[in-house]
Amino acid sequence: MSNRYNYAAVLSVVVLIASAALFLGPKVNAAGEGKITGTVKLDGAAPHMKGIDMSKDPYCSKAHATDPAHLEQVVVGANGGLANVVLYLSEGYSGNPTASTAVPVFDQKNCMYTPHVLAMDVNQTFKVTTSDATTHNIHPLPNPMTGNIPWNQSQPPGAAPVEKSWKAAEVIPVQCNIHPWMHGWFVVVKGPYATTDGDGKYTINNVPPGSYTVTAWQETYNTMTQKVTVASGAAANADFTFKAK
Amino acid sequence: MRTRLQNWTLLLSSAALLAVPSVSSAQLSTFDIEKRIGAESHVGNVTGHAKDAEPAYRRYCVGCHGPLGDGNGENAPYMQPPMYQQPRNFQLGVFKCRSTPTGTLPTDQDLYDSITRGFDRSNMPQWNTLSKQERADLVAWVKHFSPRWAGEKPGTPITIPAEPEVTPERIKAGRDVFARVQCWKCHGVQGMANGPSASTLADDLGRPIAPFNFTEGARPKCGDTDKDIYRIFMTGLDGTPMPSYADNIKPEEAWDLVFYLRTFMAQKSPEKEMAKKLDLKPVDPDAPAPQQ
């Protein structure tokens, strides 16, 4: 019974791939791909970000002697642009994980995470590095039920980078237990993605032509979605505005 | 000024709020679990069968670990951290005591050893009165609660070189490792669990947890032989703030660290004698961290 279904599934996949290869041929490549650009803004006054007391680790407090550290749940740049927002195609993207060869880097610098939010594709390799002369432990907390398994590795000063990947799409909190203020995010999505820069601007590259739902994720304001149609080789626009709570 | 209790209540309630989405997806029904009743375990030459373990589980384990293995047994509400850790949630498939690298499943032998050894300073007693077969069956039963075992194999146990002889040089070298990887950040320079970060630690589910205090005569939760201690810091205790140091401590250095940790312990040991003769001082927390 289930065997027959399996055959049917395999057969239909084969037929699909064959027909796709026939109709689209080698045209499905970077040339036909479009992109989605836009700006994410915050409407209203940005909430006050508390300063961080790093006095428990003299190395950390010294690193921030002239430039005090603040929490980073909401980081607003020029003209209300919202940083650290992850944008991805939540609907309409049927391609495989992009299997991007780029290796996103999550650095521990001056006892903060740089970047605060690291987006990546499912199964994409990422790297955790340390620039600090104090020991960190890098401790992501996925839900084991998703297929992503929590781990916890130390990174003393000068430690080699830790290279990992995640099996399933999930928003994963990351923390350092030694420095309890250190809190960041791994946002694992399927397919092309982008993270906003300090001014809230973003570009999702390598988007095949088609209609999509773009989702913007922000750690405090949760998500917003928008329908976008991307024409072959063209850039579509999608701006988002989160309302300050 | 908030009291400690208020702080904890805040922490716990925020953790509970955060945990809502994950808990709802983490709850498995009896139906989901019973699909895996065929689970087996292999410990030495004994094969354990989940289907044979139910009577023993219902008699000895269910009160704390609960009928669904989620750690919500009827006694669970009375075990409050940090005095007592909550019973393990087997559905998550995340275990402290492993011979395998961080982020991997433990071996059947690891689970068998945990059941046999019990957990010092917790409500989990030693179950060495149960027969080998009963314990192996219970290992299979523990495994049948989590879907992780269906799709994943246990990790490859870490290689532990033969234990060298204790020498004063090795103890001194162990002190250098202790300083370099900054164990004292949580465990304190004298192993008294009073490091600068000790008071802020929480486990993966947001519950307060204390680092191990070497000085009060307690046994480490994952065993008290030299090999056990070696394994603890080289694999990390998954689900807790204790990370794996496998990438940053070389195997021979790891033995040095084991010997140095012994000098903190209340129990008499050759290491303690040697440290006394050496007049070894605790590491200086204000010294800049030496580079690797």
# chains A, B, ... in the order shown; residues from 1 in each chain; ligands from 1
>>> interface_residues(of="chain B", to="chain A", cutoff="8 Å", atoms="only C-alpha atoms", output="VMD selection string")
chain B and resid 22 25 to 26 92 to 94 102 to 104 147 to 148 180 to 182 185 to 186 196 to 197 200 to 202 204 236 238 to 239 241 to 245 247 to 248 286 288 to 292
>>> residues_around(residues="segment 217-232 of chain B", least_positions_apart="6", cutoff="7 Å", atoms="only C-alpha atoms", output="list in words")
Cys97, Ser99, Phe119, Asp120, Ala254, Trp255, Val258, Met265, Ala266 and Gln267 of chain B
>>> write_last_selection(atoms="C-alpha atoms", output="PDB file, in the first residue's frame")
ATOM      1  CA  CYS B  97      25.814  12.046  30.606  1.00  0.00           C
ATOM      2  CA  SER B  99      30.448   9.339  26.007  1.00  0.00           C
ATOM      3  CA  PHE B 119      22.383  11.196  39.892  1.00  0.00           C
ATOM      4  CA  ASP B 120      24.066  12.453  43.019  1.00  0.00           C
ATOM      5  CA  ALA B 254      42.722  16.746  29.481  1.00  0.00           C
ATOM      6  CA  TRP B 255      44.311  14.229  31.856  1.00  0.00           C
ATOM      7  CA  VAL B 258      41.510  15.862  35.609  1.00  0.00           C
ATOM      8  CA  MET B 265      37.965  17.664  45.921  1.00  0.00           C
ATOM      9  CA  ALA B 266      37.290  16.967  49.566  1.00  0.00           C
ATOM     10  CA  GLN B 267      38.255  13.306  49.204  1.00  0.00           C
TER      11      GLN B 267
END
>>> residues_around(residues="Pro208 of chain A", least_positions_apart="5", cutoff="7 Å", atoms="only C-alpha atoms", output="PDB file with N, CA and C atoms, in the first residue's frame")
ATOM      1  N   GLY A  32      18.236  34.442 -15.458  1.00  0.00           N
ATOM      2  CA  GLY A  32      16.809  34.704 -15.372  1.00  0.00           C
ATOM      3  C   GLY A  32      16.363  35.112 -13.981  1.00  0.00           C
ATOM      4  N   GLU A  33      17.245  35.005 -13.026  1.00  0.00           N
ATOM      5  CA  GLU A  33      16.835  35.244 -11.645  1.00  0.00           C
ATOM      6  C   GLU A  33      16.691  36.730 -11.356  1.00  0.00           C
ATOM      7  N   GLY A  34      15.656  37.028 -10.603  1.00  0.00           N
ATOM      8  CA  GLY A  34      15.453  38.410 -10.204  1.00  0.00           C
ATOM      9  C   GLY A  34      15.868  38.596  -8.774  1.00  0.00           C
TER      10      GLY A  34
END
>>> decode(residues="segment 86-115 of chain B", atoms="N, CA and C atoms", output="PDB file, in the first residue's frame")
ATOM      1  N   GLN B  86      14.650  19.076  37.841  1.00  0.00           N
ATOM      2  CA  GLN B  86      13.412  18.431  37.412  1.00  0.00           C
ATOM      3  C   GLN B  86      13.743  17.101  36.729  1.00  0.00           C
ATOM      4  N   PRO B  87      12.803  16.146  36.749  1.00  0.00           N
ATOM      5  CA  PRO B  87      13.057  14.870  36.059  1.00  0.00           C
ATOM      6  C   PRO B  87      13.298  15.112  34.570  1.00  0.00           C
ATOM      7  N   ARG B  88      14.117  14.284  33.970  1.00  0.00           N
ATOM      8  CA  ARG B  88      14.439  14.427  32.543  1.00  0.00           C
ATOM      9  C   ARG B  88      13.208  14.232  31.670  1.00  0.00           C
ATOM     10  N   ASN B  89      13.101  15.069  30.627  1.00  0.00           N
ATOM     11  CA  ASN B  89      12.077  14.896  29.603  1.00  0.00           C
ATOM     12  C   ASN B  89      12.663  14.014  28.498  1.00  0.00           C
ATOM     13  N   PHE B  90      12.249  12.750  28.466  1.00  0.00           N
ATOM     14  CA  PHE B  90      12.832  11.816  27.499  1.00  0.00           C
ATOM     15  C   PHE B  90      12.406  12.125  26.070  1.00  0.00           C
ATOM     16  N   GLN B  91      11.290  12.858  25.914  1.00  0.00           N
ATOM     17  CA  GLN B  91      10.804  13.132  24.559  1.00  0.00           C
ATOM     18  C   GLN B  91      11.779  13.997  23.769  1.00  0.00           C
ATOM     19  N   LEU B  92      12.531  14.846  24.490  1.00  0.00           N
ATOM     20  CA  LEU B  92      13.461  15.741  23.794  1.00  0.00           C
ATOM     21  C   LEU B  92      14.715  14.995  23.330  1.00  0.00           C
ATOM     22  N   GLY B  93      15.021  13.890  23.968  1.00  0.00           N
ATOM     23  CA  GLY B  93      16.196  13.126  23.546  1.00  0.00           C
ATOM     24  C   GLY B  93      17.498  13.856  23.770  1.00  0.00           C
ATOM     25  N   VAL B  94      17.557  14.734  24.786  1.00  0.00           N
ATOM     26  CA  VAL B  94      18.798  15.451  25.094  1.00  0.00           C
ATOM     27  C   VAL B  94      19.269  14.979  26.475  1.00  0.00           C
ATOM     28  N   PHE B  95      20.508  14.481  26.542  1.00  0.00           N
ATOM     29  CA  PHE B  95      20.998  13.869  27.777  1.00  0.00           C
ATOM     30  C   PHE B  95      22.331  14.463  28.210  1.00  0.00           C
ATOM     31  N   LYS B  96      22.478  14.621  29.533  1.00  0.00           N
ATOM     32  CA  LYS B  96      23.715  15.157  30.109  1.00  0.00           C
ATOM     33  C   LYS B  96      24.880  14.180  29.961  1.00  0.00           C
ATOM     34  N   CYS B  97      24.673  12.954  30.432  1.00  0.00           N
ATOM     35  CA  CYS B  97      25.814  12.046  30.606  1.00  0.00           C
ATOM     36  C   CYS B  97      25.994  11.182  29.366  1.00  0.00           C
ATOM     37  N   ARG B  98      26.991  11.566  28.560  1.00  0.00           N
ATOM     38  CA  ARG B  98      27.243  10.842  27.315  1.00  0.00           C
ATOM     39  C   ARG B  98      28.735  10.570  27.179  1.00  0.00           C
ATOM     40  N   SER B  99      29.054   9.536  26.396  1.00  0.00           N
ATOM     41  CA  SER B  99      30.448   9.339  26.007  1.00  0.00           C
ATOM     42  C   SER B  99      30.642   9.906  24.609  1.00  0.00           C
ATOM     43  N   THR B 100      29.560  10.490  24.041  1.00  0.00           N
ATOM     44  CA  THR B 100      29.560  10.947  22.644  1.00  0.00           C
ATOM     45  C   THR B 100      29.637  12.472  22.587  1.00  0.00           C
ATOM     46  N   PRO B 101      30.094  13.042  21.443  1.00  0.00           N
ATOM     47  CA  PRO B 101      30.271  14.492  21.366  1.00  0.00           C
ATOM     48  C   PRO B 101      28.976  15.275  21.601  1.00  0.00           C
ATOM     49  N   THR B 102      29.125  16.549  21.926  1.00  0.00           N
ATOM     50  CA  THR B 102      27.960  17.403  22.168  1.00  0.00           C
ATOM     51  C   THR B 102      27.071  17.453  20.930  1.00  0.00           C
ATOM     52  N   GLY B 103      25.753  17.446  21.135  1.00  0.00           N
ATOM     53  CA  GLY B 103      24.820  17.488  20.015  1.00  0.00           C
ATOM     54  C   GLY B 103      24.534  16.132  19.402  1.00  0.00           C
ATOM     55  N   THR B 104      25.023  15.054  20.016  1.00  0.00           N
ATOM     56  CA  THR B 104      24.712  13.726  19.487  1.00  0.00           C
ATOM     57  C   THR B 104      23.987  12.913  20.557  1.00  0.00           C
ATOM     58  N   LEU B 105      23.368  11.822  20.107  1.00  0.00           N
ATOM     59  CA  LEU B 105      22.669  10.942  21.044  1.00  0.00           C
ATOM     60  C   LEU B 105      23.674  10.128  21.847  1.00  0.00           C
ATOM     61  N   PRO B 106      23.338   9.798  23.101  1.00  0.00           N
ATOM     62  CA  PRO B 106      24.219   8.934  23.894  1.00  0.00           C
ATOM     63  C   PRO B 106      24.122   7.495  23.398  1.00  0.00           C
ATOM     64  N   THR B 107      25.080   6.676  23.776  1.00  0.00           N
ATOM     65  CA  THR B 107      24.999   5.251  23.447  1.00  0.00           C
ATOM     66  C   THR B 107      24.080   4.567  24.453  1.00  0.00           C
ATOM     67  N   ASP B 108      23.665   3.346  24.122  1.00  0.00           N
ATOM     68  CA  ASP B 108      22.828   2.580  25.049  1.00  0.00           C
ATOM     69  C   ASP B 108      23.554   2.373  26.372  1.00  0.00           C
ATOM     70  N   GLN B 109      24.877   2.132  26.266  1.00  0.00           N
ATOM     71  CA  GLN B 109      25.680   1.932  27.473  1.00  0.00           C
ATOM     72  C   GLN B 109      25.624   3.184  28.360  1.00  0.00           C
ATOM     73  N   ASP B 110      25.673   4.377  27.744  1.00  0.00           N
ATOM     74  CA  ASP B 110      25.616   5.623  28.522  1.00  0.00           C
ATOM     75  C   ASP B 110      24.321   5.700  29.330  1.00  0.00           C
ATOM     76  N   LEU B 111      23.189   5.381  28.672  1.00  0.00           N
ATOM     77  CA  LEU B 111      21.898   5.439  29.361  1.00  0.00           C
ATOM     78  C   LEU B 111      21.850   4.382  30.462  1.00  0.00           C
ATOM     79  N   TYR B 112      22.385   3.212  30.160  1.00  0.00           N
ATOM     80  CA  TYR B 112      22.433   2.117  31.134  1.00  0.00           C
ATOM     81  C   TYR B 112      23.240   2.561  32.359  1.00  0.00           C
ATOM     82  N   ASP B 113      24.390   3.209  32.103  1.00  0.00           N
ATOM     83  CA  ASP B 113      25.227   3.669  33.215  1.00  0.00           C
ATOM     84  C   ASP B 113      24.504   4.727  34.044  1.00  0.00           C
ATOM     85  N   SER B 114      23.751   5.622  33.371  1.00  0.00           N
ATOM     86  CA  SER B 114      23.021   6.658  34.109  1.00  0.00           C
ATOM     87  C   SER B 114      21.981   6.035  35.025  1.00  0.00           C
ATOM     88  N   ILE B 115      21.257   5.023  34.514  1.00  0.00           N
ATOM     89  CA  ILE B 115      20.242   4.352  35.333  1.00  0.00           C
ATOM     90  C   ILE B 115      20.923   3.654  36.510  1.00  0.00           C
TER      91      ILE B 115
END
